[in-house]
Amino acid sequence: MHPAFQNSAAAIPITFATKSTWEGISATLPAPARQFAKANAFTAKPGQYLALPADDGSLAHVLFGIEDQTREWRDPFRPGQLPGLLPAGTYSFANAPHDARLAVLAFALGSYRFGRYKKNDAPGARLTPPSGVDMVEITRMADAATLARDLINTPANDMGPEELEQAARALAEKYGAGFISIVGDELLAGNFPLIHAVGMASARAPRLIEFTWGDPKHPKVTLVGKGVCFDSGGLDLKPSSGMLIMKKDMGGAANVLALAQMIMDAKLKVRLRVLIPAVENSVAGNAFRPLDIFKSRKGVNVEIGNTDAEGRLVLADALALADEEKPDLLIDLGTLTGAARVALGPDLPPFYTDDEALAADVARHARTENDPLWRMPLWMPYDKWLDSKTADLNNAPGGAFAGSITCALFLKRFVEHAKSWLHVDIYGWTPTAKPARPEGGECQAARAIYKLLSERYG
Ligand code: BES
Ligand code: MN
Ligand code: ZN
């Protein structure tokens, strides 16, 4: 089990209350407890917490407010606040929150703290899970989220292309996957010109990380993750405000690894292939420049409109490679555009696909896993915005419109043979803490997609 959980017969009960159930719950409490709650102005507001003492002053019972039934939206992760509120000890649910499974998951997700450089405030509260919740599956999901968050939160000085490769290699080895990596100038020999172009200005060599797992006769599922270990913007340098959290620009790779871990751990009946172009988008005399033109792996000549639109470049060569073997399902995740955030904010990544059945399944699992995703269109009338006067394609259309869509359309040019393709423009970061989502690196899209794959190939 995940370390947030511990079975104990002496667990302290947590009662969930809403504004409308509180009165009834309060009536069942012993008079002193009822009075104590009243004196503390406990009204079961969402997120409100109150510890009730026993006669000897020890902790007897916890009250926690969750959204009311009558409210339009109930946060199924609200109980994810509890680890940050409760003192060390073991607790159990005295009654059912809105969704027991998601509440248990939220408890584990909300217990996460990034402790690599500061061993400080790791919550000491443990949950004795209610019966009927599949704790193997919960632990699998929580462990995957920890992997993604740790990789994203690790600063770029300790998470360069080589360290990202080490993380992928460790995962591949754990599950017996075949691993290779193509590094530095080998990328040119192997025909990955765009990955090389973006990564060559860094002292830390760019690379294409690859591992393959599972029965080759099973359906081919290929995952591609943007692994830009730091995005300075290149010669089109970002301002300091825009550069500040760009250690997270390998969030696509981190979430692809989290997803791969769940797939392999659950032994889904797929032939899994993972591709991660890992680079640092740096500034140096040999950096790629605005209006440079590179012939991509696919043979398409790409003009560089902006060196800061680097994610779609490295993904283009990786997607082209993935596409060559005609996978049944090709999925890419990446922190690709600020425009996706303008459209939907940090918590709701847009996804793109032309496969209607896949779109419906993604949307459904995103809802049931509380791993929110929202479909946006591969709007072909905007495809011509990618035209270049001197090459086949420009990586950064001039206008300021529909930036996440035009990025998706750029990637679509490199996917021809895959039976089905899904692209998710994630943020990979929680800017201000929310229940079950501590500030910092975030696992996005991996859980929803894992559940979709486990439904199809479990
Ligand atoms: N990594 C960024 C996208 C990004 C920025 C994600 C901020 C989340 C927060 C990406 O490489 C980028 O710089 N995209 C540019 C594209 C533009 C130059 C066409 C952007 O979104 O501004
Ligand atoms: Mn960029
Ligand atoms: Zn980037």
# chains A, B, ... in the order shown; residues from 1 in each chain; ligands from 1
>>> closest_atom_pairs(of="chain A", to="ligand 2", cutoff="10 Å", atoms="only C-alpha atoms and all ligand atoms", output="Markdown table")
| residue | atom | partner | partner_atom_place_in_ligand_line | distance |
| --- | --- | --- | --- | --- |
| A:Val228 | CA | ligand 2 | 1 (Mn) | 8.6 |
| A:Phe230 | CA | ligand 2 | 1 (Mn) | 9.0 |
| A:Asp231 | CA | ligand 2 | 1 (Mn) | 5.5 |
| A:Ser232 | CA | ligand 2 | 1 (Mn) | 7.1 |
| A:Gly233 | CA | ligand 2 | 1 (Mn) | 4.8 |
| A:Gly234 | CA | ligand 2 | 1 (Mn) | 7.7 |
| A:Asp236 | CA | ligand 2 | 1 (Mn) | 8.8 |
| A:Leu237 | CA | ligand 2 | 1 (Mn) | 8.8 |
| A:Lys238 | CA | ligand 2 | 1 (Mn) | 8.0 |
| A:Gly242 | CA | ligand 2 | 1 (Mn) | 9.6 |
| A:Met243 | CA | ligand 2 | 1 (Mn) | 9.1 |
| A:Met246 | CA | ligand 2 | 1 (Mn) | 8.6 |
| A:Asp249 | CA | ligand 2 | 1 (Mn) | 8.2 |
| A:Asn281 | CA | ligand 2 | 1 (Mn) | 7.7 |
| A:Asn306 | CA | ligand 2 | 1 (Mn) | 8.6 |
| A:Thr307 | CA | ligand 2 | 1 (Mn) | 7.0 |
| A:Asp308 | CA | ligand 2 | 1 (Mn) | 3.5 |
| A:Ala309 | CA | ligand 2 | 1 (Mn) | 4.7 |
| A:Glu310 | CA | ligand 2 | 1 (Mn) | 5.2 |
| A:Gly311 | CA | ligand 2 | 1 (Mn) | 6.3 |
| A:Arg312 | CA | ligand 2 | 1 (Mn) | 9.0 |
| A:Thr335 | CA | ligand 2 | 1 (Mn) | 8.9 |
| A:Leu336 | CA | ligand 2 | 1 (Mn) | 7.3 |
| A:Thr337 | CA | ligand 2 | 1 (Mn) | 7.7 |
| A:Gly338 | CA | ligand 2 | 1 (Mn) | 9.0 |
>>> select_by_dssp(residues="stretch 3-48 of chain A", states="strand (DSSP E)", output="PDB file with C-alpha atoms, in the first residue's frame")
ATOM      1  CA  ILE A  12      -9.752   8.090  14.704  1.00  0.00           C
ATOM      2  CA  PRO A  13     -13.044   8.552  12.827  1.00  0.00           C
ATOM      3  CA  ILE A  14     -13.545  11.409  10.377  1.00  0.00           C
ATOM      4  CA  THR A  15     -17.151  12.441   9.827  1.00  0.00           C
ATOM      5  CA  PHE A  16     -17.927  14.234   6.578  1.00  0.00           C
ATOM      6  CA  ALA A  17     -20.612  16.852   6.872  1.00  0.00           C
TER       7      ALA A  17
END
>>> select_by_dssp(residues="stretch 71-320 of chain A", states="alpha helix (DSSP H)", output="PyMOL selection string")
chain A and resi 82-85+100-110+135-153+161-174+186-189+193-199+240-243+251-265+311-320
>>> residues_around(residues="stretch 291-295 of chain A", least_positions_apart="2", cutoff="7 Å", atoms="only C-alpha atoms", output="PyMOL selection string")
chain A and resi 193-194+288-289+297+299-305
>>> write_last_selection(atoms="all heavy atoms", output="mmCIF file, in the first residue's frame")
data_model
loop_
_atom_site.group_PDB
_atom_site.id
_atom_site.type_symbol
_atom_site.label_atom_id
_atom_site.label_comp_id
_atom_site.auth_asym_id
_atom_site.auth_seq_id
_atom_site.Cartn_x
_atom_site.Cartn_y
_atom_site.Cartn_z
ATOM 1 N N PRO A 193 16.730 15.388 -37.024
ATOM 2 C CA PRO A 193 17.350 16.718 -37.150
ATOM 3 C C PRO A 193 16.720 17.766 -36.233
ATOM 4 O O PRO A 193 17.430 18.650 -35.740
ATOM 5 C CB PRO A 193 17.092 17.088 -38.620
ATOM 6 C CG PRO A 193 16.640 15.841 -39.298
ATOM 7 C CD PRO A 193 16.064 14.956 -38.254
ATOM 8 N N LEU A 194 15.424 17.679 -35.993
ATOM 9 C CA LEU A 194 14.779 18.724 -35.182
ATOM 10 C C LEU A 194 15.132 18.570 -33.703
ATOM 11 O O LEU A 194 15.342 19.563 -32.998
ATOM 12 C CB LEU A 194 13.258 18.701 -35.379
ATOM 13 C CG LEU A 194 12.776 19.043 -36.794
ATOM 14 C CD1 LEU A 194 11.256 18.961 -36.890
ATOM 15 C CD2 LEU A 194 13.255 20.426 -37.233
ATOM 16 N N PHE A 288 20.129 27.141 -32.608
ATOM 17 C CA PHE A 288 19.318 27.344 -33.812
ATOM 18 C C PHE A 288 18.675 28.731 -33.749
ATOM 19 O O PHE A 288 18.505 29.294 -32.674
ATOM 20 C CB PHE A 288 18.308 26.211 -34.012
ATOM 21 C CG PHE A 288 17.114 26.188 -33.096
ATOM 22 C CD1 PHE A 288 15.828 26.071 -33.611
ATOM 23 C CD2 PHE A 288 17.245 26.238 -31.714
ATOM 24 C CE1 PHE A 288 14.706 26.018 -32.786
ATOM 25 C CE2 PHE A 288 16.123 26.184 -30.883
ATOM 26 C CZ PHE A 288 14.863 26.084 -31.424
ATOM 27 N N ARG A 289 18.409 29.297 -34.934
ATOM 28 C CA ARG A 289 18.028 30.704 -35.006
ATOM 29 C C ARG A 289 16.672 30.898 -35.665
ATOM 30 O O ARG A 289 16.233 30.058 -36.441
ATOM 31 C CB ARG A 289 19.047 31.483 -35.865
ATOM 32 C CG ARG A 289 20.479 31.239 -35.532
ATOM 33 C CD ARG A 289 21.351 31.635 -36.716
ATOM 34 N NE ARG A 289 22.725 31.184 -36.504
ATOM 35 C CZ ARG A 289 23.165 29.959 -36.825
ATOM 36 N NH1 ARG A 289 22.361 29.085 -37.403
ATOM 37 N NH2 ARG A 289 24.413 29.615 -36.579
ATOM 38 N N ARG A 297 12.721 14.761 -39.794
ATOM 39 C CA ARG A 297 12.790 13.322 -40.052
ATOM 40 C C ARG A 297 11.821 12.913 -41.155
ATOM 41 O O ARG A 297 12.132 12.091 -42.004
ATOM 42 C CB ARG A 297 12.448 12.552 -38.772
ATOM 43 C CG ARG A 297 12.417 11.052 -38.998
ATOM 44 C CD ARG A 297 12.153 10.263 -37.756
ATOM 45 N NE ARG A 297 12.304 8.850 -38.061
ATOM 46 C CZ ARG A 297 13.448 8.192 -38.047
ATOM 47 N NH1 ARG A 297 14.558 8.834 -37.741
ATOM 48 N NH2 ARG A 297 13.503 6.918 -38.361
ATOM 49 N N GLY A 299 10.928 14.501 -43.633
ATOM 50 C CA GLY A 299 11.291 15.045 -44.942
ATOM 51 C C GLY A 299 10.693 16.420 -45.202
ATOM 52 O O GLY A 299 11.011 17.059 -46.191
ATOM 53 N N VAL A 300 9.834 16.848 -44.290
ATOM 54 C CA VAL A 300 9.201 18.172 -44.408
ATOM 55 C C VAL A 300 10.212 19.240 -43.971
ATOM 56 O O VAL A 300 10.832 19.116 -42.918
ATOM 57 C CB VAL A 300 7.965 18.228 -43.472
ATOM 58 C CG1 VAL A 300 7.317 19.599 -43.511
ATOM 59 C CG2 VAL A 300 6.980 17.131 -43.821
ATOM 60 N N ASN A 301 10.362 20.297 -44.789
ATOM 61 C CA ASN A 301 11.250 21.391 -44.389
ATOM 62 C C ASN A 301 10.515 22.338 -43.448
ATOM 63 O O ASN A 301 9.449 22.852 -43.775
ATOM 64 C CB ASN A 301 11.724 22.169 -45.621
ATOM 65 C CG ASN A 301 12.823 21.417 -46.370
ATOM 66 O OD1 ASN A 301 13.723 20.852 -45.749
ATOM 67 N ND2 ASN A 301 12.730 21.388 -47.683
ATOM 68 N N VAL A 302 11.110 22.542 -42.257
ATOM 69 C CA VAL A 302 10.460 23.370 -41.236
ATOM 70 C C VAL A 302 11.256 24.647 -41.021
ATOM 71 O O VAL A 302 12.450 24.605 -40.715
ATOM 72 C CB VAL A 302 10.334 22.604 -39.898
ATOM 73 C CG1 VAL A 302 9.652 23.475 -38.844
ATOM 74 C CG2 VAL A 302 9.565 21.301 -40.083
ATOM 75 N N GLU A 303 10.582 25.764 -41.184
ATOM 76 C CA GLU A 303 11.194 27.067 -40.929
ATOM 77 C C GLU A 303 10.932 27.448 -39.473
ATOM 78 O O GLU A 303 9.827 27.258 -38.961
ATOM 79 C CB GLU A 303 10.584 28.109 -41.853
ATOM 80 C CG GLU A 303 11.157 29.501 -41.649
ATOM 81 C CD GLU A 303 10.458 30.548 -42.517
ATOM 82 O OE1 GLU A 303 9.218 30.471 -42.681
ATOM 83 O OE2 GLU A 303 11.152 31.435 -43.041
ATOM 84 N N ILE A 304 11.959 27.982 -38.836
ATOM 85 C CA ILE A 304 11.829 28.358 -37.424
ATOM 86 C C ILE A 304 11.289 29.785 -37.342
ATOM 87 O O ILE A 304 12.024 30.748 -37.568
ATOM 88 C CB ILE A 304 13.194 28.256 -36.695
ATOM 89 C CG1 ILE A 304 13.830 26.875 -36.909
ATOM 90 C CG2 ILE A 304 13.013 28.571 -35.209
ATOM 91 C CD1 ILE A 304 12.975 25.689 -36.505
ATOM 92 N N GLY A 305 10.025 29.911 -37.027
ATOM 93 C CA GLY A 305 9.444 31.243 -36.828
ATOM 94 C C GLY A 305 9.807 31.780 -35.454
ATOM 95 O O GLY A 305 9.930 32.985 -35.249
#
>>> residues_around(residues="A:Gly458", least_positions_apart="3", cutoff="8 Å", atoms="only C-alpha atoms", output="list in words")
Ala266, Lys267, Leu268, Lys269, Leu453, Ser454 and Glu455 of chain A
>>> residues_around(residues="stretch 121-131 of chain A", least_positions_apart="2", cutoff="8 Å", atoms="only C-alpha atoms", output="number ranges by chain")
A: 3-8, 11, 83-84, 86-93, 100, 104, 107, 111-113, 115, 119, 133, 135
>>> write_last_selection(atoms="N, CA and C atoms", output="tab-separated table (two decimals), in the first residue's frame")
chain	number	residue	atom	x	y	z
A	3	PRO	N	2.29	4.74	1.24
A	3	PRO	CA	2.59	5.11	2.63
A	3	PRO	C	1.55	6.00	3.30
A	4	ALA	N	0.63	6.58	2.55
A	4	ALA	CA	-0.43	7.39	3.19
A	4	ALA	C	-1.46	6.51	3.88
A	5	PHE	N	-1.37	5.19	3.65
A	5	PHE	CA	-2.39	4.30	4.21
A	5	PHE	C	-1.81	3.37	5.26
A	6	GLN	N	-2.65	3.03	6.23
A	6	GLN	CA	-2.23	2.14	7.30
A	6	GLN	C	-3.48	1.54	7.92
A	7	ASN	N	-3.54	0.23	7.97
A	7	ASN	CA	-4.71	-0.39	8.58
A	7	ASN	C	-4.57	-0.37	10.09
A	8	SER	N	-5.59	0.13	10.76
A	8	SER	CA	-5.56	0.18	12.22
A	8	SER	C	-6.97	0.07	12.76
A	11	ALA	N	-8.25	3.49	14.57
A	11	ALA	CA	-8.21	4.73	13.80
A	11	ALA	C	-9.23	5.74	14.32
A	83	PRO	N	-4.80	15.47	4.80
A	83	PRO	CA	-3.44	15.23	5.26
A	83	PRO	C	-2.71	16.50	5.68
A	84	GLY	N	-3.07	17.63	5.07
A	84	GLY	CA	-2.43	18.89	5.43
A	84	GLY	C	-3.01	19.50	6.70
A	86	LEU	N	-4.62	17.38	9.40
A	86	LEU	CA	-4.66	16.47	10.54
A	86	LEU	C	-3.30	16.32	11.21
A	87	PRO	N	-3.28	16.23	12.54
A	87	PRO	CA	-2.02	15.87	13.20
A	87	PRO	C	-1.67	14.41	12.90
A	88	ALA	N	-0.40	14.07	13.13
A	88	ALA	CA	0.04	12.69	12.88
A	88	ALA	C	-0.86	11.72	13.62
A	89	GLY	N	-1.17	10.61	12.98
A	89	GLY	CA	-2.06	9.62	13.58
A	89	GLY	C	-2.73	8.84	12.47
A	90	THR	N	-3.58	7.88	12.88
A	90	THR	CA	-4.27	7.08	11.89
A	90	THR	C	-5.77	7.34	11.98
A	91	TYR	N	-6.38	7.54	10.83
A	91	TYR	CA	-7.77	7.98	10.75
A	91	TYR	C	-8.56	7.03	9.85
A	92	SER	N	-9.87	7.10	9.97
A	92	SER	CA	-10.73	6.33	9.06
A	92	SER	C	-11.96	7.17	8.73
A	93	PHE	N	-12.66	6.80	7.68
A	93	PHE	CA	-13.89	7.50	7.31
A	93	PHE	C	-15.05	6.94	8.13
A	100	ALA	N	-16.17	7.68	-2.40
A	100	ALA	CA	-15.18	7.10	-1.48
A	100	ALA	C	-13.86	6.79	-2.19
A	104	VAL	N	-10.29	8.52	-1.21
A	104	VAL	CA	-9.10	7.77	-0.77
A	104	VAL	C	-7.90	8.15	-1.64
A	107	PHE	N	-6.68	11.51	-0.65
A	107	PHE	CA	-5.91	11.49	0.60
A	107	PHE	C	-4.43	11.21	0.29
A	111	SER	N	-1.18	13.90	0.34
A	111	SER	CA	-0.09	13.63	1.29
A	111	SER	C	1.27	13.93	0.70
A	112	TYR	N	1.30	14.18	-0.61
A	112	TYR	CA	2.58	14.40	-1.29
A	112	TYR	C	3.24	15.71	-0.86
A	113	ARG	N	4.53	15.64	-0.58
A	113	ARG	CA	5.36	16.83	-0.43
A	113	ARG	C	6.66	16.57	-1.15
A	115	GLY	N	10.26	16.53	-1.07
A	115	GLY	CA	11.20	16.60	0.06
A	115	GLY	C	12.65	16.40	-0.30
A	119	LYS	N	13.65	18.53	3.99
A	119	LYS	CA	12.84	17.53	4.69
A	119	LYS	C	12.03	18.27	5.74
A	133	VAL	N	-12.70	-0.43	-1.58
A	133	VAL	CA	-11.88	0.37	-2.50
A	133	VAL	C	-10.66	-0.45	-2.89
A	135	MET	N	-7.32	-1.01	-3.33
A	135	MET	CA	-6.14	-0.28	-2.88
A	135	MET	C	-4.91	-0.54	-3.75
>>> closest_residue(among="A:Trp213, A:Phe42, A:Phe179, A:Tyr457", to="A:Leu329", atoms="only C-alpha atoms")
A:Tyr457
>>> atom_distance(atom1="atom CA of A:Gly184", atom2="atom CA of A:Val283")
16.5 Å
>>> atom_distance(atom1="atom CA of A:Glu162", atom2="atom CA of A:Leu333")
19.9 Å
>>> residues_around(residues="A:Leu147", least_positions_apart="4", cutoff="7 Å", atoms="only C-alpha atoms", output="list of chain:residue names")
A:Asp143, A:Leu151, A:Ala258
>>> residues_around(residues="A:Ala44", least_positions_apart="2", cutoff="12 Å", atoms="only C-alpha atoms", output="VMD selection string")
chain A and resid 15 to 26 37 to 38 40 to 42 46 to 50 62 to 68
>>> closest_residue(among="A:Arg456, A:Lys174, A:Lys451, A:Arg375", to="A:Asp265", atoms="only C-alpha atoms")
A:Lys174
>>> atom_distance(atom1="atom CA of A:Ala340", atom2="atom CA of A:Val424")
9.9 Å
>>> closest_residue(among="A:Glu280, A:Glu369, A:Asp56, A:Glu186", to="ligand 1", atoms="only C-alpha atoms and all ligand atoms")
A:Glu280
>>> closest_residue(among="A:Ala343, A:Leu164, A:Ala31, A:Ile138", to="A:Arg101", atoms="only C-alpha atoms")
A:Ile138
>>> closest_residue(among="A:Asp317, A:Asp150, A:Asp323, A:Asp387", to="A:Ile276", atoms="only C-alpha atoms")
A:Asp317
